[in-house]
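**Q** For reference, the file start_39.cif (mmCIF, C-alpha atoms and all ligand atoms) is included below:
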```cif
data_model
#
loop_
_atom_site.label_atom_id
_atom_site.label_comp_id
_atom_site.auth_asym_id
_atom_site.auth_seq_id
_atom_site.Cartn_x
_atom_site.Cartn_y
_atom_site.Cartn_z
CA MET A 1 -8.92 -8.34 3.40
CA GLU A 2 -8.42 -4.59 3.76
CA LEU A 3 -4.87 -3.46 3.06
CA LYS A 4 -4.80 -1.71 6.44
CA GLU A 5 -5.68 -4.93 8.22
CA ALA A 6 -2.79 -6.72 6.50
CA ILE A 7 -0.30 -3.94 7.24
CA TYR A 8 -1.25 -3.70 10.91
CA GLY A 9 -2.01 -7.37 11.53
CA ARG A 10 1.05 -9.01 9.96
CA ARG A 11 3.65 -10.17 12.50
CA SER A 12 6.96 -11.95 12.26
CA VAL A 13 6.16 -15.54 13.19
CA ARG A 14 8.97 -17.85 14.26
CA LYS A 15 7.05 -21.06 14.96
CA TYR A 16 4.90 -22.89 12.40
CA ASN A 17 2.69 -25.94 12.71
CA GLY A 18 4.36 -27.74 9.78
CA GLN A 19 1.28 -27.84 7.53
CA PRO A 20 2.50 -27.65 3.92
CA ILE A 21 1.71 -24.68 1.69
CA LYS A 22 0.15 -25.35 -1.69
CA GLY A 23 2.39 -24.73 -4.71
CA GLU A 24 -0.18 -22.37 -6.22
CA ASP A 25 -0.15 -20.24 -3.03
CA ILE A 26 3.65 -20.04 -3.13
CA LYS A 27 3.44 -18.95 -6.79
CA GLU A 28 0.85 -16.25 -5.99
CA ILE A 29 2.96 -14.95 -3.11
CA ILE A 30 6.06 -14.70 -5.31
CA GLU A 31 4.17 -13.11 -8.18
CA ALA A 32 2.84 -10.41 -5.83
CA GLY A 33 6.49 -9.71 -5.06
CA LEU A 34 7.22 -9.24 -8.75
CA MET A 35 4.64 -6.43 -8.90
CA ALA A 36 6.67 -4.24 -6.51
CA PRO A 37 8.14 -0.93 -7.56
CA ASN A 38 11.76 -1.44 -8.55
CA ALA A 39 14.72 0.62 -9.71
CA SER A 40 14.41 1.67 -13.39
CA ASN A 41 12.23 -1.38 -13.91
CA TYR A 42 15.32 -3.63 -13.86
CA GLN A 43 13.34 -6.20 -11.82
CA PRO A 44 16.75 -7.02 -10.35
CA TRP A 45 15.65 -9.95 -8.19
CA TYR A 46 15.84 -13.71 -8.19
CA PHE A 47 13.79 -15.78 -5.78
CA VAL A 48 14.10 -19.46 -4.95
CA ALA A 49 11.22 -20.98 -2.98
CA VAL A 50 12.43 -24.07 -1.17
CA ALA A 51 9.53 -26.34 -0.20
CA ASN A 52 10.99 -29.75 -0.98
CA PRO A 53 11.67 -31.55 2.35
CA GLU A 54 15.09 -32.85 1.29
CA LYS A 55 16.18 -29.40 0.06
CA LEU A 56 14.79 -27.81 3.24
CA ARG A 57 16.89 -30.27 5.23
CA GLU A 58 19.98 -29.15 3.29
CA LEU A 59 19.13 -25.53 4.00
CA LYS A 60 18.69 -26.30 7.71
CA GLU A 61 22.15 -27.87 7.78
CA VAL A 62 23.55 -24.49 6.79
CA MET A 63 21.30 -22.76 9.31
CA GLU A 64 22.53 -25.07 12.07
CA ARG A 65 26.02 -23.69 11.46
CA THR A 66 24.58 -20.17 11.24
CA SER A 67 23.02 -20.59 14.67
CA GLU A 68 26.34 -21.69 16.19
CA ILE A 69 28.22 -18.77 14.61
CA LEU A 70 25.62 -16.28 15.89
CA THR A 71 25.53 -17.63 19.46
CA PRO A 72 28.13 -15.21 20.91
CA SER A 73 26.48 -12.11 19.40
CA LEU A 74 22.98 -13.27 20.41
CA THR A 75 24.17 -13.98 23.95
CA ALA A 76 25.72 -10.50 24.18
CA ARG A 77 22.66 -8.78 22.69
CA PHE A 78 20.15 -10.55 24.96
CA GLU A 79 22.42 -10.88 28.00
CA LYS A 80 19.53 -10.79 30.48
CA TYR A 81 17.19 -12.95 28.42
CA PRO A 82 18.60 -16.48 27.98
CA GLN A 83 15.16 -17.66 26.90
CA VAL A 84 15.24 -15.26 23.95
CA VAL A 85 18.69 -16.55 22.98
CA ALA A 86 17.48 -20.17 23.12
CA GLU A 87 14.31 -19.42 21.12
CA THR A 88 16.16 -17.39 18.49
CA LYS A 89 18.77 -20.08 18.04
CA GLN A 90 16.05 -22.70 17.70
CA PHE A 91 14.29 -20.59 15.07
CA ILE A 92 17.48 -20.11 13.08
CA ARG A 93 18.43 -23.81 13.25
CA LEU A 94 15.06 -25.28 12.35
CA LEU A 95 13.52 -22.31 10.52
CA GLY A 96 10.64 -22.57 12.97
CA ASN A 97 9.49 -25.78 11.25
CA ALA A 98 8.51 -23.72 8.21
CA PRO A 99 7.34 -25.81 5.23
CA CYS A 100 8.69 -23.24 2.79
CA CYS A 101 11.49 -20.72 2.71
CA ILE A 102 11.93 -18.10 0.00
CA LEU A 103 15.54 -17.17 -0.69
CA ALA A 104 16.04 -13.71 -2.21
CA PHE A 105 19.04 -12.78 -4.34
CA LEU A 106 20.04 -10.05 -6.73
CA LEU A 107 19.57 -11.30 -10.26
CA LYS A 108 23.17 -10.81 -11.36
CA ASP A 109 26.64 -10.53 -9.99
CA ASP A 110 28.35 -8.00 -12.26
CA GLU A 111 29.79 -4.49 -12.22
CA GLU A 112 26.48 -2.79 -12.99
CA TYR A 113 24.82 -4.63 -10.11
CA LYS A 114 27.65 -3.56 -7.81
CA ARG A 115 27.24 0.07 -8.89
CA LYS A 116 23.49 0.05 -8.42
CA GLU A 117 23.47 -2.20 -5.38
CA THR A 118 21.57 0.15 -3.06
CA GLU A 119 18.70 0.68 -5.49
CA PHE A 120 18.57 -3.02 -6.30
CA VAL A 121 18.54 -4.08 -2.66
CA GLU A 122 15.71 -1.60 -2.06
CA SER A 123 13.83 -3.17 -4.98
CA VAL A 124 14.17 -6.67 -3.53
CA ALA A 125 13.00 -5.37 -0.14
CA ALA A 126 9.90 -3.86 -1.73
CA ALA A 127 9.15 -7.22 -3.39
CA LEU A 128 9.59 -9.06 -0.10
CA GLU A 129 7.14 -6.80 1.73
CA ASN A 130 4.55 -7.45 -1.00
CA MET A 131 5.11 -11.17 -0.46
CA LEU A 132 4.71 -10.92 3.32
CA LEU A 133 1.43 -9.03 3.01
CA THR A 134 0.08 -11.35 0.32
CA ALA A 135 0.99 -14.38 2.43
CA TYR A 136 -0.76 -12.81 5.41
CA GLU A 137 -3.90 -12.27 3.37
CA LYS A 138 -3.86 -16.01 2.65
CA GLY A 139 -3.53 -16.89 6.34
CA ILE A 140 0.15 -17.74 5.87
CA SER A 141 2.65 -16.29 8.33
CA SER A 142 6.22 -15.32 7.65
CA CYS A 143 9.50 -14.07 9.05
CA TRP A 144 12.13 -12.10 7.19
CA MET A 145 15.64 -13.34 8.05
CA THR A 146 19.10 -11.94 7.50
CA GLY A 147 21.10 -13.71 10.23
CA GLN A 148 22.74 -15.93 7.61
CA MET A 149 24.49 -12.83 6.24
CA GLU A 150 25.79 -11.77 9.62
CA ALA A 151 27.15 -15.31 9.98
CA GLU A 152 28.64 -15.04 6.48
CA MET A 153 26.82 -18.19 5.38
CA ASP A 154 25.01 -16.46 2.50
CA GLY A 155 27.71 -17.42 -0.01
CA ILE A 156 27.20 -21.12 0.77
CA ILE A 157 23.42 -20.76 0.43
CA ARG A 158 23.81 -18.99 -2.90
CA GLU A 159 26.21 -21.64 -4.20
CA LYS A 160 23.77 -24.41 -3.25
CA PHE A 161 20.49 -22.83 -4.33
CA ALA A 162 21.18 -20.06 -6.85
CA PRO A 163 24.61 -20.54 -8.43
CA GLY A 164 25.55 -17.70 -10.79
CA ARG A 165 23.05 -15.24 -9.28
CA GLY A 166 23.91 -12.10 -7.33
CA LYS A 167 24.31 -11.36 -3.66
CA MET A 168 21.85 -12.89 -1.21
CA ILE A 169 19.55 -10.23 0.28
CA ALA A 170 17.31 -12.12 2.69
CA MET A 171 15.26 -15.20 3.23
CA VAL A 172 11.62 -15.45 4.29
CA THR A 173 10.12 -18.38 6.13
CA LEU A 174 6.51 -19.16 5.27
CA GLY A 175 4.05 -21.35 7.14
CA TYR A 176 0.89 -21.65 9.17
CA SER A 177 1.44 -20.05 12.55
CA ASP A 178 1.81 -21.94 15.78
CA GLN A 179 2.09 -18.77 17.86
CA GLN A 180 0.40 -15.38 18.23
CA PRO A 181 3.18 -12.84 18.72
CA LYS A 182 2.29 -9.35 19.91
CA ALA A 183 3.32 -6.37 17.79
CA PRO A 184 6.64 -4.99 19.02
CA ARG A 185 6.01 -1.41 20.17
CA ARG A 186 6.67 1.15 17.45
CA ARG A 187 8.90 3.92 18.80
CA GLU A 188 8.03 7.59 18.88
CA GLY A 189 9.97 10.27 17.05
CA ARG A 190 10.74 8.37 13.86
CA TYR A 191 9.08 10.75 11.43
CA GLU A 192 8.00 14.31 10.88
CA ILE A 193 5.49 15.86 8.53
CA ILE A 194 6.36 19.17 6.99
CA LEU A 195 3.16 20.82 5.84
C1 LIG B 1 15.81 -6.58 7.03
C2 LIG B 1 15.19 -7.44 8.10
C3 LIG B 1 15.96 -8.43 8.69
C4 LIG B 1 15.41 -9.27 9.66
N1 LIG B 1 16.16 -10.30 10.15
C5 LIG B 1 15.62 -11.13 11.06
C6 LIG B 1 16.36 -12.27 11.49
O1 LIG B 1 17.48 -12.54 11.05
N2 LIG B 1 15.78 -13.09 12.41
C7 LIG B 1 14.52 -12.85 12.91
O2 LIG B 1 14.06 -13.62 13.74
N3 LIG B 1 13.79 -11.77 12.49
C8 LIG B 1 14.30 -10.92 11.57
N4 LIG B 1 13.56 -9.88 11.09
C9 LIG B 1 12.20 -9.64 11.62
C10 LIG B 1 12.22 -8.48 12.62
O3 LIG B 1 12.81 -8.90 13.83
C11 LIG B 1 10.77 -7.99 12.85
O4 LIG B 1 10.24 -7.54 11.62
C12 LIG B 1 10.70 -6.85 13.87
O5 LIG B 1 11.06 -7.32 15.14
C13 LIG B 1 9.28 -6.25 13.96
O6 LIG B 1 8.33 -7.25 14.27
P1 LIG B 1 7.08 -7.53 13.31
O7 LIG B 1 7.61 -8.02 12.00
O8 LIG B 1 6.25 -8.57 14.01
O9 LIG B 1 6.35 -6.25 13.14
C14 LIG B 1 14.07 -9.04 10.11
C15 LIG B 1 13.30 -8.05 9.49
C16 LIG B 1 13.85 -7.28 8.49
C17 LIG B 1 12.99 -6.23 7.79
#
```
Using structure tokens, write down the structure from this file.
**A**
Amino acid sequence: MELKEAIYGRRSVRKYNGQPIKGEDIKEIIEAGLMAPNASNYQPWYFVAVANPEKLRELKEVMERTSEILTPSLTARFEKYPQVVAETKQFIRLLGNAPCCILAFLLKDDEEYKRKETEFVESVAAALENMLLTAYEKGISSCWMTGQMEAEMDGIIREKFAPGRGKMIAMVTLGYSDQQPKAPRRREGRYEIIL
């Protein structure tokens, strides 16, 4: 697949058909993440891919609470669109029926990591985008999620899945799509080129 096709064709998918993803595909997706540019080559990330059904169920228990906590802010944000609120809540609760979810953390939780947090978060984000594009190339859809942080449930997720690691940065659902979302319109006026 051409890189351009992946960049323009990838969409956030919030509904999956439940078909499992092969372990070797998950490994390849994560390893593409590890090839990302990163601050001073610290490789300051730690990823946990959860594909075991029992562990996914445990994660969804936390996400069920996340969905409840986020209900007031979702309702306010999408006041005129109750359908969007219902669909978003459903996605958060059930992770869209994704067979795999990658949890992304900073590698460590120490003073240096606090000092360099911005650069390290940027590094993890670069790795995640590599993963999304690599997944897309394999016909696997994804959605980047940070709602668990807004709901302040990230500490619980870290304790359960990555004790002793650093701050949670995001999670990414992975699965075979059960929907064809359109690309949200990209807004004008977000860059300039100084020649
Ligand atoms: C940092 C970040 C956080 C996001 N958090 C969420 C989230 O919590 N829930 C969700 O459904 N989508 C989330 N998304 C996906 C965005 O909503 C999506 O990328 C955006 O609407 C553009 O759509 P596209 O990915 O299809 O181009 C997040 C994306 C990023 C980069």
**Q** Rounded to one decimal, what separation in Å do you get between CA of Arg10 (chain A) and CA of Gly96 (chain A)?
**A**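 Result for CA of Arg10 (chain A) versus CA of Gly96 (chain A): 16.9 Å, one decimal.
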**Q** Taking every listed atom of ligand LIG 1 (chain B) and adding 3 Å to each side, what centre and edge lengths in Å (one decimal) does the axis-aligned box have, as lines of an AutoDock Vina configuration file?
**A**
```
center_x = 11.9
center_y = -9.9
center_z = 11.1
size_x = 17.2
size_y = 13.4
size_z = 14.1
```
**Q** All residues within 8 Å of ligand LIG 1 (chain B) are required, counting all atoms listed in the file; please report them as a JSON list (two decimals) with C-alpha atoms, in the frame of the given file.
**A**
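Saved file part.json follows:
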```json
[["chain", "number", "residue", "atom", "x", "y", "z"],
["A", 10, "ARG", "CA", 1.05, -9.01, 9.96],
["A", 11, "ARG", "CA", 3.65, -10.17, 12.50],
["A", 12, "SER", "CA", 6.96, -11.95, 12.26],
["A", 13, "VAL", "CA", 6.16, -15.54, 13.19],
["A", 14, "ARG", "CA", 8.97, -17.85, 14.26],
["A", 88, "THR", "CA", 16.16, -17.39, 18.49],
["A", 91, "PHE", "CA", 14.29, -20.59, 15.07],
["A", 92, "ILE", "CA", 17.48, -20.11, 13.08],
["A", 125, "ALA", "CA", 13.00, -5.37, -0.14],
["A", 143, "CYS", "CA", 9.50, -14.07, 9.05],
["A", 144, "TRP", "CA", 12.13, -12.10, 7.19],
["A", 145, "MET", "CA", 15.64, -13.34, 8.05],
["A", 146, "THR", "CA", 19.10, -11.94, 7.50],
["A", 147, "GLY", "CA", 21.10, -13.71, 10.23],
["A", 148, "GLN", "CA", 22.74, -15.93, 7.61],
["A", 170, "ALA", "CA", 17.31, -12.12, 2.69],
["A", 181, "PRO", "CA", 3.18, -12.84, 18.72],
["A", 182, "LYS", "CA", 2.29, -9.35, 19.91],
["A", 183, "ALA", "CA", 3.32, -6.37, 17.79],
["A", 184, "PRO", "CA", 6.64, -4.99, 19.02]]
```
**Q** Report, in Å to a single decimal, how far apart CA of Phe47 (chain A) and CA of Glu112 (chain A) are.
**A**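 Taking CA of Glu112 (chain A) and CA of Phe47 (chain A), their separation equals 19.5 Å.
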**Q** One decimal, in Å: what's the spacing between CA of Glu87 (chain A) and CA of Thr75 (chain A)?
**A** 11.6 Å
**Q** Please tabulate, as CSV, the residues of region 21-127 of chain A that come within 12 Å of region 131-135 of chain A, each with its closest pair of atoms and the distance in Å to one decimal, counting only C-alpha atoms and ordering rows by chain, then residue number upward.
**A**
```
residue,atom,partner,partner_atom,distance
A:Ile21,CA,A:Ala135,CA,10.4
A:Lys22,CA,A:Ala135,CA,11.7
A:Glu24,CA,A:Ala135,CA,11.8
A:Asp25,CA,A:Ala135,CA,8.1
A:Ile26,CA,A:Ala135,CA,8.4
A:Lys27,CA,A:Met131,CA,10.2
A:Glu28,CA,A:Thr134,CA,8.0
A:Ile29,CA,A:Met131,CA,5.1
A:Ile30,CA,A:Met131,CA,6.1
A:Glu31,CA,A:Met131,CA,8.0
A:Ala32,CA,A:Met131,CA,5.9
A:Gly33,CA,A:Met131,CA,5.0
A:Leu34,CA,A:Met131,CA,8.8
A:Met35,CA,A:Met131,CA,9.7
A:Ala36,CA,A:Met131,CA,9.3
A:Phe47,CA,A:Met131,CA,11.2
A:Ala49,CA,A:Met131,CA,11.8
A:Cys100,CA,A:Ala135,CA,11.7
A:Cys101,CA,A:Met131,CA,11.9
A:Ile102,CA,A:Met131,CA,9.7
A:Ala104,CA,A:Met131,CA,11.4
A:Val124,CA,A:Met131,CA,10.6
A:Ala125,CA,A:Met131,CA,9.8
A:Ala126,CA,A:Met131,CA,8.8
A:Ala127,CA,A:Met131,CA,6.4
```
**Q** Export, as a short mmCIF file (atom, residue, chain, number, x, y, z; two decimals), in the frame of the given file, the selected residues with C-alpha atoms.
**A**
```cif
data_model
loop_
_atom_site.label_atom_id
_atom_site.label_comp_id
_atom_site.auth_asym_id
_atom_site.auth_seq_id
_atom_site.Cartn_x
_atom_site.Cartn_y
_atom_site.Cartn_z
CA ILE A 21 1.71 -24.68 1.69
CA LYS A 22 0.15 -25.35 -1.69
CA GLU A 24 -0.18 -22.37 -6.22
CA ASP A 25 -0.15 -20.24 -3.03
CA ILE A 26 3.65 -20.04 -3.13
CA LYS A 27 3.44 -18.95 -6.79
CA GLU A 28 0.85 -16.25 -5.99
CA ILE A 29 2.96 -14.95 -3.11
CA ILE A 30 6.06 -14.70 -5.31
CA GLU A 31 4.17 -13.11 -8.18
CA ALA A 32 2.84 -10.41 -5.83
CA GLY A 33 6.49 -9.71 -5.06
CA LEU A 34 7.22 -9.24 -8.75
CA MET A 35 4.64 -6.43 -8.90
CA ALA A 36 6.67 -4.24 -6.51
CA PHE A 47 13.79 -15.78 -5.78
CA ALA A 49 11.22 -20.98 -2.98
CA CYS A 100 8.69 -23.24 2.79
CA CYS A 101 11.49 -20.72 2.71
CA ILE A 102 11.93 -18.10 0.00
CA ALA A 104 16.04 -13.71 -2.21
CA VAL A 124 14.17 -6.67 -3.53
CA ALA A 125 13.00 -5.37 -0.14
CA ALA A 126 9.90 -3.86 -1.73
CA ALA A 127 9.15 -7.22 -3.39
#
```
**Q** So that I can see what lies close to Leu59 (chain A), please list as a PyMOL selection string the residues with an atom at most 10 Å from it, counting all atoms listed in the file and leaving out residues fewer than 5 positions away in the same chain.
**A** chain A and resi 50+53-54+64+93-95+101+156-157+160-161
**Q** Counting only C-alpha atoms, which of A:Lys80, A:Tyr136, A:Trp45, A:Leu106 gets nearest to Lys4 (chain A)?
**A** A:Tyr136
**Q** If you count all atoms listed in the file, which residues fall within 12 Å of Ser40 (chain A), apart from same-chain ones fewer than 3 positions away, as a list in words?
**A** Ala36, Pro37, Gln43, Pro44, Lys116, Glu119, Phe120, Glu122 and Ser123 of chain A
**Q** Which is closest to Leu56 (chain A) among A:Lys167, A:Thr173, A:Tyr16, A:Ser73, if we use all atoms listed in the file?
**A**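 Between A:Lys167, A:Thr173, A:Tyr16, A:Ser73, the residue approaching Leu56 (chain A) most closely is A:Thr173.
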